[in-house]
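Asker: Provided herewith is a single structure, encoded as structure tokens, for subsequent inquiry.
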Amino acid sequence: MSQDSTPSEMSENRTDSQSTAPNTVFRQAVLTVALLGLFAVHPVAAQTNAVCSADNLPSMIEGFFQLTTGLGIVGLAVVWQADSLIEMFTLNPEQKKGLKHHKRSAMKSAVVLVVLGPLYTVAGSMMGLPLAECVDLVPW
């Protein structure tokens, strides 16, 4: 009984069997995630929102957001004034350019801080997110 297969055919057969092994593992992983998603996640989705059902938690989250937004705006004012003061006494054009860049990045951070809360409140209520229904993140 001699085998007619050459070493190159044997290596091709070996690579074919090796390439199907990851595919099988991938399929099993996808099937497992799908089954867990159907059966294990469904009871969690049926529970009520813990944040909204708590007594003082929504108002604490709103207060914390208003406090951090206010501190961010005050921080922007302090950084802006300090950079403007330092810029008046700086003679090097490269240092002035660096200070202007710092002021711009501080302004971008403050804009993101102020816009993020209302954006989450509006977009979250449109998407039906549970936290957006009971917590108002508009800082004013």
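Every chain in the structure tokens has a letter given in the order shown (A, B, ...), and although residue numbers restart at 1 in each chain, ligands are simply numbered from 1 in the order shown.
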Any idea what's packed within 10 Å of Asp83 (chain A), counting only C-alpha atoms, ignoring anything in its chain fewer than 3 positions away? Could you give it as a PyMOL selection string?
Answerer: chain A and resi 77-80+86-88+96+98-100+102-103
Asker: Which residues are near Leu67 (chain A)? Cut-off 12 Å, only C-alpha atoms, ignore same chain within fewer than 3 positions. Put them as a list in words.
Answerer: Met60, Ile61, Glu62, Gly63, Phe64, Gly70, Leu71, Gly72, Ile73, Val74, Leu113, Val114, Leu137, Val138, Pro139 and Trp140 of chain A
Asker: Keeping only N, CA, C and O atoms, write the selected residues as a compact mmCIF listing (two decimals), in the first residue's frame.
Answerer:
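For reference, selection.txt as written:
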# COMPACT_ATOMS: atom_id res chain seq x y z
N MET A 60 -28.79 63.91 42.78
CA MET A 60 -27.36 63.97 43.07
C MET A 60 -26.54 63.99 41.79
O MET A 60 -25.55 64.72 41.68
N ILE A 61 -26.95 63.21 40.79
CA ILE A 61 -26.24 63.20 39.51
C ILE A 61 -26.37 64.55 38.82
O ILE A 61 -25.40 65.09 38.29
N GLU A 62 -27.57 65.13 38.86
CA GLU A 62 -27.78 66.46 38.27
C GLU A 62 -26.91 67.51 38.97
O GLU A 62 -26.29 68.35 38.33
N GLY A 63 -26.89 67.47 40.30
CA GLY A 63 -26.08 68.43 41.05
C GLY A 63 -24.60 68.28 40.78
O GLY A 63 -23.87 69.27 40.64
N PHE A 64 -24.14 67.04 40.70
CA PHE A 64 -22.73 66.81 40.40
C PHE A 64 -22.38 67.34 39.01
O PHE A 64 -21.34 67.97 38.83
N GLY A 70 -19.91 74.04 36.19
CA GLY A 70 -19.58 75.36 36.73
C GLY A 70 -18.10 75.51 37.01
O GLY A 70 -17.49 76.55 36.69
N LEU A 71 -17.50 74.47 37.62
CA LEU A 71 -16.06 74.53 37.88
C LEU A 71 -15.25 74.55 36.58
O LEU A 71 -14.21 75.22 36.51
N GLY A 72 -15.73 73.86 35.56
CA GLY A 72 -15.04 73.88 34.28
C GLY A 72 -15.08 75.24 33.64
O GLY A 72 -14.09 75.70 33.06
N ILE A 73 -16.20 75.93 33.75
CA ILE A 73 -16.31 77.28 33.18
C ILE A 73 -15.45 78.27 33.95
O ILE A 73 -14.76 79.12 33.36
N VAL A 74 -15.44 78.15 35.26
CA VAL A 74 -14.57 79.01 36.08
C VAL A 74 -13.10 78.72 35.75
O VAL A 74 -12.28 79.64 35.65
N LEU A 113 -17.56 70.42 27.49
CA LEU A 113 -18.15 70.24 28.82
C LEU A 113 -19.56 70.80 28.88
O LEU A 113 -20.46 70.20 29.45
N VAL A 114 -19.78 71.94 28.26
CA VAL A 114 -21.10 72.57 28.30
C VAL A 114 -22.07 71.89 27.35
O VAL A 114 -23.26 71.76 27.66
N LEU A 137 -29.39 66.59 32.47
CA LEU A 137 -27.98 66.99 32.52
C LEU A 137 -27.74 68.36 31.90
O LEU A 137 -26.62 68.69 31.56
N VAL A 138 -28.77 69.16 31.76
CA VAL A 138 -28.60 70.52 31.27
C VAL A 138 -28.12 71.35 32.45
O VAL A 138 -28.78 71.42 33.48
N PRO A 139 -26.95 72.00 32.34
CA PRO A 139 -26.37 72.66 33.51
C PRO A 139 -27.01 73.99 33.91
O PRO A 139 -26.70 74.53 34.94
N TRP A 140 -27.92 74.53 33.11
CA TRP A 140 -28.52 75.81 33.49
C TRP A 140 -29.98 75.68 33.80
O TRP A 140 -30.63 74.74 33.64
Asker: Just want the 9 Å neighbourhood of Leu131 (chain A), counted on only C-alpha atoms, with same-chain residues fewer than 5 positions away dropped. Output as a count of residues only.
Answerer: 8
